[in-house]
Structures are given as structure tokens and as C-alpha cells.
file protein-v6.pdb (PDB, C-alpha atoms, pLDDT in the B column)
ATOM      1  CA  MET A   1     112.463  94.292  89.848  1.00 94.00           C
ATOM      2  CA  ASN A   2     109.596  93.185  92.072  1.00 96.00           C
ATOM      3  CA  ILE A   3     109.584  93.892  95.801  1.00 97.00           C
ATOM      4  CA  ILE A   4     107.333  92.840  98.662  1.00 96.00           C
ATOM      5  CA  LEU A   5     107.325  95.004 101.778  1.00 94.00           C
ATOM      6  CA  LEU A   6     106.040  93.401 104.971  1.00 93.00           C
ATOM      7  CA  GLY A   7     105.592  95.158 108.275  1.00 89.00           C
ATOM      8  CA  ALA A   8     103.044  95.933 110.936  1.00 88.00           C
ATOM      9  CA  PRO A   9     100.848  99.025 110.700  1.00 83.00           C
ATOM     10  CA  GLY A  10     103.034 101.978 111.622  1.00 85.00           C
ATOM     11  CA  SER A  11     106.289 100.215 110.767  1.00 89.00           C
ATOM     12  CA  GLY A  12     107.012 102.702 107.985  1.00 87.00           C
ATOM     13  CA  LYS A  13     106.302 100.622 104.878  1.00 88.00           C
ATOM     14  CA  GLY A  14     104.662 103.554 103.115  1.00 84.00           C
ATOM     15  CA  SER A  15     107.652 105.839 103.578  1.00 87.00           C
ATOM     16  CA  GLN A  16     110.039 103.171 102.318  1.00 93.00           C
ATOM     17  CA  ALA A  17     107.827 102.435  99.319  1.00 91.00           C
ATOM     18  CA  GLU A  18     107.836 106.114  98.311  1.00 90.00           C
ATOM     19  CA  LEU A  19     111.634 106.188  98.357  1.00 94.00           C
ATOM     20  CA  LEU A  20     111.917 102.952  96.363  1.00 95.00           C
ATOM     21  CA  VAL A  21     109.472 104.265  93.760  1.00 94.00           C
ATOM     22  CA  SER A  22     111.520 107.441  93.420  1.00 93.00           C
ATOM     23  CA  ASP A  23     114.916 105.734  93.175  1.00 94.00           C
ATOM     24  CA  PHE A  24     114.093 102.708  91.046  1.00 93.00           C
ATOM     25  CA  GLY A  25     111.119 103.800  88.927  1.00 93.00           C
ATOM     26  CA  LEU A  26     108.853 101.121  90.334  1.00 95.00           C
ATOM     27  CA  VAL A  27     105.077 101.188  90.655  1.00 95.00           C
ATOM     28  CA  GLN A  28     103.494 100.795  94.074  1.00 93.00           C
ATOM     29  CA  ILE A  29     100.392  98.627  93.820  1.00 90.00           C
ATOM     30  CA  SER A  30      97.941  98.506  96.706  1.00 85.00           C
ATOM     31  CA  THR A  31      95.293  95.788  96.449  1.00 84.00           C
ATOM     32  CA  GLY A  32      93.036  97.880  98.679  1.00 80.00           C
ATOM     33  CA  ASP A  33      93.228 100.784  96.237  1.00 84.00           C
ATOM     34  CA  LEU A  34      92.725  98.434  93.282  1.00 89.00           C
ATOM     35  CA  LEU A  35      89.544  97.013  94.773  1.00 89.00           C
ATOM     36  CA  ARG A  36      88.162 100.455  95.589  1.00 86.00           C
ATOM     37  CA  ASN A  37      88.949 101.708  92.083  1.00 89.00           C
ATOM     38  CA  ALA A  38      87.401  98.643  90.435  1.00 91.00           C
ATOM     39  CA  ILE A  39      84.224  99.067  92.467  1.00 91.00           C
ATOM     40  CA  ALA A  40      84.052 102.808  91.798  1.00 90.00           C
ATOM     41  CA  SER A  41      84.587 102.384  88.042  1.00 90.00           C
ATOM     42  CA  GLY A  42      82.009  99.609  87.749  1.00 91.00           C
ATOM     43  CA  THR A  43      84.186  97.017  86.007  1.00 90.00           C
ATOM     44  CA  GLU A  44      82.952  93.416  85.927  1.00 92.00           C
ATOM     45  CA  ASP A  45      85.469  92.482  88.609  1.00 91.00           C
ATOM     46  CA  GLY A  46      84.423  95.563  90.561  1.00 92.00           C
ATOM     47  CA  LYS A  47      80.761  94.632  90.429  1.00 93.00           C
ATOM     48  CA  THR A  48      81.530  91.146  91.692  1.00 92.00           C
ATOM     49  CA  ALA A  49      83.769  92.507  94.443  1.00 91.00           C
ATOM     50  CA  TYR A  50      81.049  94.930  95.522  1.00 90.00           C
ATOM     51  CA  GLU A  51      78.634  92.051  96.078  1.00 90.00           C
ATOM     52  CA  PHE A  52      80.996  90.596  98.673  1.00 86.00           C
ATOM     53  CA  VAL A  53      81.812  93.948 100.268  1.00 82.00           C
ATOM     54  CA  GLN A  54      78.152  94.915 100.504  1.00 83.00           C
ATOM     55  CA  LYS A  55      77.427  91.721 102.454  1.00 81.00           C
ATOM     56  CA  GLY A  56      80.365  92.330 104.784  1.00 74.00           C
ATOM     57  CA  GLY A  57      82.349  89.401 103.390  1.00 76.00           C
ATOM     58  CA  LEU A  58      85.936  89.084 102.249  1.00 74.00           C
ATOM     59  CA  VAL A  59      86.647  89.395  98.550  1.00 85.00           C
ATOM     60  CA  PRO A  60      87.845  85.934  97.365  1.00 88.00           C
ATOM     61  CA  ASP A  61      91.541  85.430  96.639  1.00 87.00           C
ATOM     62  CA  GLU A  62      90.793  84.554  93.013  1.00 90.00           C
ATOM     63  CA  LEU A  63      89.019  87.846  92.398  1.00 91.00           C
ATOM     64  CA  VAL A  64      91.664  89.949  94.135  1.00 90.00           C
ATOM     65  CA  PHE A  65      94.340  88.193  92.108  1.00 91.00           C
ATOM     66  CA  SER A  66      92.447  88.755  88.857  1.00 91.00           C
ATOM     67  CA  ILE A  67      92.351  92.503  89.507  1.00 91.00           C
ATOM     68  CA  LEU A  68      96.008  92.490  90.557  1.00 92.00           C
ATOM     69  CA  LYS A  69      97.169  90.689  87.409  1.00 92.00           C
ATOM     70  CA  LYS A  70      95.401  93.176  85.167  1.00 91.00           C
ATOM     71  CA  ARG A  71      97.140  96.060  86.957  1.00 93.00           C
ATOM     72  CA  MET A  72     100.519  94.349  86.631  1.00 93.00           C
ATOM     73  CA  GLU A  73     100.003  94.116  82.871  1.00 93.00           C
ATOM     74  CA  GLU A  74      99.708  97.883  82.437  1.00 94.00           C
ATOM     75  CA  PRO A  75     102.703  99.597  80.747  1.00 94.00           C
ATOM     76  CA  ASP A  76     103.830 101.604  83.776  1.00 93.00           C
ATOM     77  CA  ALA A  77     104.432  98.375  85.726  1.00 93.00           C
ATOM     78  CA  ALA A  78     106.982  97.101  83.229  1.00 91.00           C
ATOM     79  CA  SER A  79     109.953  98.260  85.317  1.00 90.00           C
ATOM     80  CA  GLY A  80     108.721  96.444  88.407  1.00 94.00           C
ATOM     81  CA  VAL A  81     106.258  96.533  91.260  1.00 96.00           C
ATOM     82  CA  ILE A  82     106.232  97.176  94.975  1.00 96.00           C
ATOM     83  CA  PHE A  83     103.431  95.068  96.413  1.00 93.00           C
ATOM     84  CA  ASP A  84     101.521  96.912  99.134  1.00 84.00           C
ATOM     85  CA  GLY A  85      99.085  94.793 101.137  1.00 79.00           C
ATOM     86  CA  TYR A  86      99.677  91.708  99.022  1.00 89.00           C
ATOM     87  CA  PRO A  87     100.248  88.877  99.557  1.00 92.00           C
ATOM     88  CA  ARG A  88      98.549  88.446 102.937  1.00 85.00           C
ATOM     89  CA  THR A  89      98.490  84.654 102.998  1.00 87.00           C
ATOM     90  CA  VAL A  90     100.741  81.795 101.922  1.00 91.00           C
ATOM     91  CA  ARG A  91      98.217  80.842  99.264  1.00 90.00           C
ATOM     92  CA  GLN A  92      98.332  84.347  97.799  1.00 91.00           C
ATOM     93  CA  ALA A  93     102.134  84.238  97.875  1.00 94.00           C
ATOM     94  CA  SER A  94     102.152  80.923  96.036  1.00 93.00           C
ATOM     95  CA  ASP A  95      99.680  82.175  93.419  1.00 92.00           C
ATOM     96  CA  LEU A  96     101.832  85.239  92.860  1.00 94.00           C
ATOM     97  CA  ASP A  97     104.970  83.125  92.434  1.00 95.00           C
ATOM     98  CA  VAL A  98     103.246  80.877  89.888  1.00 94.00           C
ATOM     99  CA  HIS A  99     101.982  83.840  87.876  1.00 93.00           C
ATOM    100  CA  LEU A 100     105.312  85.661  87.865  1.00 95.00           C
ATOM    101  CA  ASN A 101     107.094  82.480  86.798  1.00 95.00           C
ATOM    102  CA  SER A 102     104.647  82.122  83.906  1.00 94.00           C
ATOM    103  CA  VAL A 103     105.716  85.526  82.578  1.00 92.00           C
ATOM    104  CA  SER A 104     109.439  84.951  83.274  1.00 94.00           C
ATOM    105  CA  GLN A 105     109.492  87.188  86.340  1.00 94.00           C
ATOM    106  CA  LYS A 106     110.000  86.643  90.058  1.00 95.00           C
ATOM    107  CA  ILE A 107     109.953  88.326  93.430  1.00 96.00           C
ATOM    108  CA  ASP A 108     113.420  89.803  93.744  1.00 96.00           C
ATOM    109  CA  PHE A 109     113.284  91.085  97.327  1.00 96.00           C
ATOM    110  CA  VAL A 110     111.091  90.493 100.358  1.00 97.00           C
ATOM    111  CA  PHE A 111     111.725  92.966 103.167  1.00 96.00           C
ATOM    112  CA  THR A 112     110.086  92.669 106.556  1.00 95.00           C
ATOM    113  CA  ILE A 113     110.408  95.829 108.609  1.00 94.00           C
ATOM    114  CA  VAL A 114     110.607  94.717 112.225  1.00 93.00           C
ATOM    115  CA  SER A 115     109.498  97.229 114.852  1.00 91.00           C
ATOM    116  CA  ASP A 116     108.903  96.988 118.588  1.00 92.00           C
ATOM    117  CA  PHE A 117     105.175  97.237 119.200  1.00 92.00           C
ATOM    118  CA  ASP A 118     105.614  99.955 121.836  1.00 93.00           C
ATOM    119  CA  VAL A 119     107.459 102.060 119.255  1.00 91.00           C
ATOM    120  CA  VAL A 120     104.737 101.451 116.680  1.00 90.00           C
ATOM    121  CA  VAL A 121     101.997 102.426 119.130  1.00 93.00           C
ATOM    122  CA  LYS A 122     103.715 105.751 119.821  1.00 92.00           C
ATOM    123  CA  ARG A 123     104.063 106.415 116.098  1.00 89.00           C
ATOM    124  CA  LEU A 124     100.424 105.667 115.355  1.00 90.00           C
ATOM    125  CA  LEU A 125      99.145 107.720 118.280  1.00 94.00           C
ATOM    126  CA  ALA A 126     101.079 110.653 116.806  1.00 93.00           C
ATOM    127  CA  ARG A 127      99.789 110.055 113.263  1.00 91.00           C
ATOM    128  CA  ARG A 128      97.573 112.644 111.590  1.00 94.00           C
ATOM    129  CA  LEU A 129      95.994 112.677 108.122  1.00 92.00           C
ATOM    130  CA  CYS A 130      94.471 115.223 105.796  1.00 93.00           C
ATOM    131  CA  GLU A 131      90.837 114.203 105.515  1.00 92.00           C
ATOM    132  CA  LYS A 132      90.692 115.586 101.972  1.00 90.00           C
ATOM    133  CA  CYS A 133      93.811 114.358 100.135  1.00 91.00           C
ATOM    134  CA  GLY A 134      95.127 111.796 102.609  1.00 84.00           C
ATOM    135  CA  LYS A 135      98.565 113.316 103.111  1.00 89.00           C
ATOM    136  CA  GLY A 136     100.150 111.912 106.244  1.00 86.00           C
ATOM    137  CA  TYR A 137     101.713 113.847 109.105  1.00 91.00           C
ATOM    138  CA  ASN A 138     103.218 112.861 112.443  1.00 90.00           C
ATOM    139  CA  LEU A 139     103.322 115.047 115.543  1.00 92.00           C
ATOM    140  CA  VAL A 140     106.894 113.924 116.220  1.00 84.00           C
ATOM    141  CA  SER A 141     108.654 113.307 112.915  1.00 82.00           C
ATOM    142  CA  CYS A 142     106.613 115.378 110.452  1.00 87.00           C
ATOM    143  CA  PRO A 143     104.420 117.896 112.301  1.00 93.00           C
ATOM    144  CA  PRO A 144     101.419 119.362 110.478  1.00 94.00           C
ATOM    145  CA  PRO A 145     101.141 123.136 109.983  1.00 95.00           C
ATOM    146  CA  GLU A 146     100.074 125.060 113.086  1.00 92.00           C
ATOM    147  CA  SER A 147      96.954 126.135 111.210  1.00 94.00           C
ATOM    148  CA  GLY A 148      95.688 122.567 111.236  1.00 93.00           C
ATOM    149  CA  GLN A 149      95.239 122.785 107.469  1.00 96.00           C
ATOM    150  CA  CYS A 150      97.013 120.572 104.962  1.00 96.00           C
ATOM    151  CA  ASP A 151      99.859 122.350 103.182  1.00 95.00           C
ATOM    152  CA  VAL A 152      99.003 120.534  99.940  1.00 94.00           C
ATOM    153  CA  CYS A 153      95.252 120.981  99.555  1.00 96.00           C
ATOM    154  CA  GLY A 154      94.112 123.019 102.559  1.00 95.00           C
ATOM    155  CA  GLY A 155      92.003 120.198 103.980  1.00 95.00           C
ATOM    156  CA  ASN A 156      91.498 119.611 107.690  1.00 96.00           C
ATOM    157  CA  ILE A 157      94.139 117.526 109.430  1.00 97.00           C
ATOM    158  CA  VAL A 158      92.587 114.897 111.674  1.00 96.00           C
ATOM    159  CA  GLN A 159      93.396 111.836 113.755  1.00 93.00           C
ATOM    160  CA  ARG A 160      91.933 108.543 112.574  1.00 85.00           C
ATOM    161  CA  SER A 161      89.194 107.232 114.846  1.00 83.00           C
ATOM    162  CA  ASP A 162      90.937 103.870 115.139  1.00 80.00           C
ATOM    163  CA  ASP A 163      94.262 105.411 116.143  1.00 85.00           C
ATOM    164  CA  ASN A 164      93.765 104.779 119.851  1.00 89.00           C
ATOM    165  CA  GLU A 165      95.960 102.490 121.923  1.00 92.00           C
ATOM    166  CA  SER A 166      93.563  99.596 122.517  1.00 90.00           C
ATOM    167  CA  VAL A 167      92.575  99.349 118.861  1.00 88.00           C
ATOM    168  CA  ILE A 168      96.167  99.736 117.689  1.00 89.00           C
ATOM    169  CA  ARG A 169      97.438  96.931 119.932  1.00 91.00           C
ATOM    170  CA  LYS A 170      94.658  94.638 118.719  1.00 89.00           C
ATOM    171  CA  ARG A 171      95.543  95.389 115.105  1.00 86.00           C
ATOM    172  CA  LEU A 172      99.174  94.603 115.822  1.00 90.00           C
ATOM    173  CA  GLU A 173      98.283  91.260 117.405  1.00 89.00           C
ATOM    174  CA  VAL A 174      96.095  90.325 114.447  1.00 84.00           C
ATOM    175  CA  TYR A 175      98.828  91.328 112.004  1.00 85.00           C
ATOM    176  CA  SER A 176     101.454  89.307 113.857  1.00 88.00           C
ATOM    177  CA  GLU A 177      99.347  86.143 113.889  1.00 88.00           C
ATOM    178  CA  ALA A 178      98.209  86.472 110.273  1.00 83.00           C
ATOM    179  CA  THR A 179     101.634  87.285 108.860  1.00 88.00           C
ATOM    180  CA  ARG A 180     103.767  84.745 110.714  1.00 90.00           C
ATOM    181  CA  PRO A 181     103.157  81.920 108.167  1.00 93.00           C
ATOM    182  CA  LEU A 182     103.889  84.301 105.296  1.00 94.00           C
ATOM    183  CA  ILE A 183     107.180  85.377 106.848  1.00 94.00           C
ATOM    184  CA  GLU A 184     108.160  81.735 107.357  1.00 95.00           C
ATOM    185  CA  TYR A 185     107.208  81.004 103.730  1.00 96.00           C
ATOM    186  CA  TYR A 186     109.675  83.567 102.411  1.00 97.00           C
ATOM    187  CA  ARG A 187     112.300  82.719 105.015  1.00 96.00           C
ATOM    188  CA  GLY A 188     112.128  79.081 103.943  1.00 95.00           C
ATOM    189  CA  ARG A 189     112.731  80.128 100.346  1.00 94.00           C
ATOM    190  CA  GLY A 190     115.757  82.190 101.367  1.00 94.00           C
ATOM    191  CA  GLN A 191     114.154  85.428 100.202  1.00 95.00           C
ATOM    192  CA  LEU A 192     113.450  87.209 103.470  1.00 96.00           C
ATOM    193  CA  GLU A 193     115.461  90.245 104.529  1.00 96.00           C
ATOM    194  CA  GLU A 194     114.775  91.517 108.060  1.00 96.00           C
ATOM    195  CA  VAL A 195     115.313  95.231 108.604  1.00 97.00           C
ATOM    196  CA  ASP A 196     115.241  97.034 111.956  1.00 96.00           C
ATOM    197  CA  GLY A 197     112.413  99.540 111.699  1.00 94.00           C
ATOM    198  CA  ASP A 198     113.057 101.275 115.028  1.00 92.00           C
ATOM    199  CA  ARG A 199     115.197 103.926 113.343  1.00 92.00           C
ATOM    200  CA  THR A 200     114.667 106.988 111.221  1.00 90.00           C
ATOM    201  CA  VAL A 201     113.180 106.666 107.748  1.00 91.00           C
ATOM    202  CA  SER A 202     116.529 107.513 106.142  1.00 94.00           C
ATOM    203  CA  GLU A 203     118.426 104.970 108.244  1.00 96.00           C
ATOM    204  CA  VAL A 204     115.997 102.190 107.384  1.00 96.00           C
ATOM    205  CA  TYR A 205     116.075 103.106 103.713  1.00 97.00           C
ATOM    206  CA  SER A 206     119.872 103.175 103.653  1.00 97.00           C
ATOM    207  CA  GLU A 207     119.913  99.539 104.752  1.00 97.00           C
ATOM    208  CA  ILE A 208     117.215  98.493 102.265  1.00 97.00           C
ATOM    209  CA  LYS A 209     118.978 100.245  99.396  1.00 96.00           C
ATOM    210  CA  ALA A 210     122.342  98.757 100.376  1.00 97.00           C
ATOM    211  CA  ILE A 211     120.863  95.251 100.279  1.00 96.00           C
ATOM    212  CA  ILE A 212     119.365  95.906  96.842  1.00 96.00           C
ATOM    213  CA  ASP A 213     122.546  97.451  95.470  1.00 94.00           C
ATOM    214  CA  ARG A 214     124.662  94.589  96.816  1.00 93.00           C
ATOM    215  CA  LYS A 215     122.517  91.935  95.185  1.00 89.00           C
ATOM    216  CA  LEU A 216     122.182  93.776  91.902  1.00 85.00           C
ATOM    217  CA  THR A 217     125.929  94.190  91.428  1.00 80.00           C
TER
END

call {"tool": "encode", "arguments": {"input": "protein-v6.pdb", "output": "C-alpha cells"}}
result
Amino acid sequence: MNIILLGAPGSGKGSQAELLVSDFGLVQISTGDLLRNAIASGTEDGKTAYEFVQKGGLVPDELVFSILKKRMEEPDAASGVIFDGYPRTVRQASDLDVHLNSVSQKIDFVFTIVSDFDVVVKRLLARRLCEKCGKGYNLVSCPPPESGQCDVCGGNIVQRSDDNESVIRKRLEVYSEATRPLIEYYRGRGQLEEVDGDRTVSEVYSEIKAIIDRKLT
């Protein structure tokens, strides 16, 4: 089973992905993580990607897709994938469809988590991260320890420098404009499922899981 999760920053995609991984044995694949790992490990694709990154350019779709395909071929991805940060464009979506069809697979579910931007801004302003291991906290829904130290690794818990209202609202505008064609692409194919993200994590997940269970039975 292959799933695409769409949603603005702060919409809760990460929390939903963790639950889906746990319940269905899927692998969450982040193209951002893949690129960073390829660069750090010095693979041929990583070296090529680094040339673009070093110059401040975007890594070409073809190269990103090459790295993605190799990850999808690893044994742990056999049960299915949750795509995190991919596709970002209609072209990427089309390339992914063609590849999956060539290996007798398909995208089974496309969920877009719809959240009011004011709600998202409040969530992101309350977001905190461990600067060492990256564990996420939220001052409202998942408060960090009073010590200010991560309860997993002991690292300092900090607020991201770009988690301020003006930057957040700009990011949301950019996301909305960039993703609109992609949403229409999947809507036109009858694959899009819209989920109200202005609820608790468990409420959102209950709806997502119910949709999956209904279509799998």
C-alpha cells in the first residue's frame, strides 16, 4: 500500500505518518532526508546533488527521482511507502505514477490534511524541537520537560529560527500556491481524500484509518 500525505507545514502530516507506519508496517520516505543522506555518504547521486546544492540551485527532478527509486527498491519498502515531501509538482506525480505502474504498483491513497492557516500558525509558534535528536514538542499539545532538556537524549529544546509569524505565513502562502495544481491533479483522478486537520491527532487519524479500512474491505 502506497500513500501520499499532503498538507501545509504544521498540518500534522508527521504525526499521521508515524501512526500509519505503526499500524500498517509502511516505510516513511522523505526526499529531503534521502538527499541529505546521499550527499553525506558520497554516492554518485549524492555528489551530483551536492553540486547543485552548493551553488544554491534546486536538485533536478530526474536526480531526486533516481534517489527515490533506489530507496523504494530496498527490502523494507516492500510492504508500502508513505511519501513525505514528494511529489511536489504535477510532473513529479506523473513520473511516480509511471514508475509504479511499471512495477505493477500504484498510489492507493492521497490524503490532503486541510487546516485553517490561523490554526497552523498557532501550532507552529508553539512548536519546539530538540536540537540534538530532533524530537518534536508543542507547548500546547505535547509540552517539553520543565528542565528544557529532551527526555530522549538530554539535548536542549529550542524554537526554530523560522518559526515566527511573518515567516510562517509566507511559507503557508508559498505552499498553497505550489500545491494547488498537485491537489487538482489527484482530485481529477478521483484519488484525493480531504481530511479536516483542525482536530486532535487521534481524531484526524481515526478518519484516515476509517477511509483506508473501508476501501480495503

call {"tool": "residues_around", "arguments": {"input": "protein-v6.pdb", "residues": "A:Thr112", "least_positions_apart": "2", "cutoff": "8 Å", "atoms": "only C-alpha atoms", "output": "list in words"}}
result
Leu5, Leu6, Gly7, Val110, Val114, Ile183, Leu192, Glu193, Glu194 and Val195 of chain A

call {"tool": "write_last_selection", "arguments": {"input": "protein-v6.pdb", "atoms": "C-alpha atoms", "output": "PDB file, keeping the file's coordinate frame"}}
result
ATOM      1  CA  LEU A   5     107.325  95.004 101.778  1.00 94.00           C
ATOM      2  CA  LEU A   6     106.040  93.401 104.971  1.00 93.00           C
ATOM      3  CA  GLY A   7     105.592  95.158 108.275  1.00 89.00           C
ATOM      4  CA  VAL A 110     111.091  90.493 100.358  1.00 97.00           C
ATOM      5  CA  VAL A 114     110.607  94.717 112.225  1.00 93.00           C
ATOM      6  CA  ILE A 183     107.180  85.377 106.848  1.00 94.00           C
ATOM      7  CA  LEU A 192     113.450  87.209 103.470  1.00 96.00           C
ATOM      8  CA  GLU A 193     115.461  90.245 104.529  1.00 96.00           C
ATOM      9  CA  GLU A 194     114.775  91.517 108.060  1.00 96.00           C
ATOM     10  CA  VAL A 195     115.313  95.231 108.604  1.00 97.00           C
TER      11      VAL A 195
END

call {"tool": "atom_distance", "arguments": {"input": "protein-v6.pdb", "atom1": "atom CA of A:Asn2", "atom2": "atom CA of A:Ile107"}}
result
5.1 Å

call {"tool": "residues_around", "arguments": {"input": "protein-v6.pdb", "residues": "A:Leu20", "least_positions_apart": "2", "cutoff": "10 Å", "atoms": "all atoms listed in the file", "output": "PyMOL selection string"}}
result
chain A and resi 3+14-18+22-28+81-82+205+208-209

call {"tool": "closest_residue", "arguments": {"input": "protein-v6.pdb", "among": "A:Arg160, A:Arg36, A:Lys106, A:Arg171", "to": "A:Arg127", "atoms": "all atoms listed in the file"}}
result
A:Arg160

call {"tool": "residues_around", "arguments": {"input": "protein-v6.pdb", "residues": "A:Asn138", "least_positions_apart": "3", "cutoff": "6 Å", "atoms": "all atoms listed in the file", "output": "number ranges by chain"}}
result
A: 126-128, 141-143

call {"tool": "atom_distance", "arguments": {"input": "protein-v6.pdb", "atom1": "atom CA of A:Ser30", "atom2": "atom CA of A:Gly42"}}
result
18.3 Å

call {"tool": "resolve_selection", "arguments": {"input": "protein-v6.pdb", "expression": "the PyMOL selection byres ((chain A and resi 161) around 12)", "output": "list in words"}}
result
Leu124, Leu125, Arg127, Arg128, Leu129, Glu131, Val158, Gln159, Arg160, Asp162, Asp163, Asn164, Glu165, Ser166, Val167 and Ile168 of chain A

call {"tool": "atom_distance", "arguments": {"input": "protein-v6.pdb", "atom1": "atom CA of A:Gly197", "atom2": "atom CA of A:Gln92"}}
result
24.9 Å

call {"tool": "resolve_selection", "arguments": {"input": "protein-v6.pdb", "expression": "the PyMOL selection byres ((chain A and resi 44-56) around 12)", "output": "list in words"}}
result
Gly32, Asp33, Leu34, Leu35, Arg36, Asn37, Ala38, Ile39, Ala40, Ser41, Gly42, Thr43, Gly57, Leu58, Val59, Pro60, Asp61, Glu62, Leu63, Val64, Phe65, Ser66, Ile67, Leu68, Lys69 and Lys70 of chain A

call {"tool": "residues_around", "arguments": {"input": "protein-v6.pdb", "residues": "A:Asp196", "least_positions_apart": "4", "cutoff": "8 Å", "atoms": "only C-alpha atoms", "output": "list in words"}}
result
Ile113, Val114, Ser115 and Val204 of chain A

call {"tool": "residues_near_point", "arguments": {"input": "protein-v6.pdb", "point": "(104.2, 79.4, 104.8)", "cutoff": "12 Å", "atoms": "only C-alpha atoms", "output": "PDB file with C-alpha atoms, keeping the file's coordinate frame"}}
result
ATOM      1  CA  PRO A  87     100.248  88.877  99.557  1.00 92.00           C
ATOM      2  CA  ARG A  88      98.549  88.446 102.937  1.00 85.00           C
ATOM      3  CA  THR A  89      98.490  84.654 102.998  1.00 87.00           C
ATOM      4  CA  VAL A  90     100.741  81.795 101.922  1.00 91.00           C
ATOM      5  CA  ARG A  91      98.217  80.842  99.264  1.00 90.00           C
ATOM      6  CA  GLN A  92      98.332  84.347  97.799  1.00 91.00           C
ATOM      7  CA  ALA A  93     102.134  84.238  97.875  1.00 94.00           C
ATOM      8  CA  SER A  94     102.152  80.923  96.036  1.00 93.00           C
ATOM      9  CA  ALA A 178      98.209  86.472 110.273  1.00 83.00           C
ATOM     10  CA  THR A 179     101.634  87.285 108.860  1.00 88.00           C
ATOM     11  CA  ARG A 180     103.767  84.745 110.714  1.00 90.00           C
ATOM     12  CA  PRO A 181     103.157  81.920 108.167  1.00 93.00           C
ATOM     13  CA  LEU A 182     103.889  84.301 105.296  1.00 94.00           C
ATOM     14  CA  ILE A 183     107.180  85.377 106.848  1.00 94.00           C
ATOM     15  CA  GLU A 184     108.160  81.735 107.357  1.00 95.00           C
ATOM     16  CA  TYR A 185     107.208  81.004 103.730  1.00 96.00           C
ATOM     17  CA  TYR A 186     109.675  83.567 102.411  1.00 97.00           C
ATOM     18  CA  ARG A 187     112.300  82.719 105.015  1.00 96.00           C
ATOM     19  CA  GLY A 188     112.128  79.081 103.943  1.00 95.00           C
ATOM     20  CA  ARG A 189     112.731  80.128 100.346  1.00 94.00           C
TER      21      ARG A 189
END

call {"tool": "closest_residue", "arguments": {"input": "protein-v6.pdb", "among": "A:Gln191, A:Thr31, A:Arg169, A:Gly154", "to": "A:Ile211", "atoms": "all atoms listed in the file"}}
result
A:Gln191

call {"tool": "closest_residue", "arguments": {"input": "protein-v6.pdb", "among": "A:Lys13, A:Lys170, A:Lys132, A:His99", "to": "A:Ile157", "atoms": "all atoms listed in the file"}}
result
A:Lys132

call {"tool": "decode", "arguments": {"input": "protein-v6.pdb", "residues": "stretch 89-106 of chain A", "atoms": "N, CA and C atoms", "output": "JSON list (two decimals), in the first residue's frame"}}
result
[["chain", "number", "residue", "atom", "x", "y", "z"],
["A", 89, "THR", "N", 5.30, 18.49, -7.41],
["A", 89, "THR", "CA", 4.79, 19.06, -8.65],
["A", 89, "THR", "C", 4.00, 18.01, -9.42],
["A", 90, "VAL", "N", 3.23, 18.47, -10.39],
["A", 90, "VAL", "CA", 2.45, 17.54, -11.22],
["A", 90, "VAL", "C", 3.38, 16.64, -12.01],
["A", 91, "ARG", "N", 4.50, 17.19, -12.48],
["A", 91, "ARG", "CA", 5.45, 16.37, -13.22],
["A", 91, "ARG", "C", 5.99, 15.24, -12.36],
["A", 92, "GLN", "N", 6.34, 15.56, -11.11],
["A", 92, "GLN", "CA", 6.83, 14.52, -10.21],
["A", 92, "GLN", "C", 5.76, 13.48, -9.95],
["A", 93, "ALA", "N", 4.52, 13.92, -9.82],
["A", 93, "ALA", "CA", 3.41, 12.98, -9.59],
["A", 93, "ALA", "C", 3.24, 12.05, -10.78],
["A", 94, "SER", "N", 3.35, 12.60, -11.98],
["A", 94, "SER", "CA", 3.22, 11.80, -13.19],
["A", 94, "SER", "C", 4.35, 10.80, -13.30],
["A", 95, "ASP", "N", 5.58, 11.25, -13.03],
["A", 95, "ASP", "CA", 6.73, 10.34, -13.07],
["A", 95, "ASP", "C", 6.57, 9.20, -12.07],
["A", 96, "LEU", "N", 6.06, 9.52, -10.90],
["A", 96, "LEU", "CA", 5.86, 8.49, -9.88],
["A", 96, "LEU", "C", 4.81, 7.48, -10.33],
["A", 97, "ASP", "N", 3.73, 7.97, -10.92],
["A", 97, "ASP", "CA", 2.68, 7.07, -11.42],
["A", 97, "ASP", "C", 3.22, 6.12, -12.49],
["A", 98, "VAL", "N", 4.01, 6.66, -13.41],
["A", 98, "VAL", "CA", 4.58, 5.84, -14.48],
["A", 98, "VAL", "C", 5.49, 4.76, -13.91],
["A", 99, "HIS", "N", 6.33, 5.16, -12.95],
["A", 99, "HIS", "CA", 7.25, 4.17, -12.37],
["A", 99, "HIS", "C", 6.49, 3.08, -11.62],
["A", 100, "LEU", "N", 5.54, 3.48, -10.79],
["A", 100, "LEU", "CA", 4.79, 2.48, -10.02],
["A", 100, "LEU", "C", 4.04, 1.53, -10.95],
["A", 101, "ASN", "N", 3.48, 2.06, -12.02],
["A", 101, "ASN", "CA", 2.78, 1.21, -12.98],
["A", 101, "ASN", "C", 3.72, 0.20, -13.62],
["A", 102, "SER", "N", 4.98, 0.62, -13.82],
["A", 102, "SER", "CA", 5.95, -0.27, -14.46],
["A", 102, "SER", "C", 6.34, -1.44, -13.56],
["A", 103, "VAL", "N", 6.11, -1.30, -12.26],
["A", 103, "VAL", "CA", 6.42, -2.39, -11.33],
["A", 103, "VAL", "C", 5.13, -2.95, -10.70],
["A", 104, "SER", "N", 4.03, -2.75, -11.42],
["A", 104, "SER", "CA", 2.70, -3.28, -11.03],
["A", 104, "SER", "C", 2.27, -2.78, -9.66],
["A", 105, "GLN", "N", 2.56, -1.51, -9.38],
["A", 105, "GLN", "CA", 2.08, -0.87, -8.15],
["A", 105, "GLN", "C", 1.33, 0.40, -8.51],
["A", 106, "LYS", "N", 0.78, 1.06, -7.48],
["A", 106, "LYS", "CA", 0.07, 2.31, -7.70],
["A", 106, "LYS", "C", 0.00, 3.08, -6.39]]
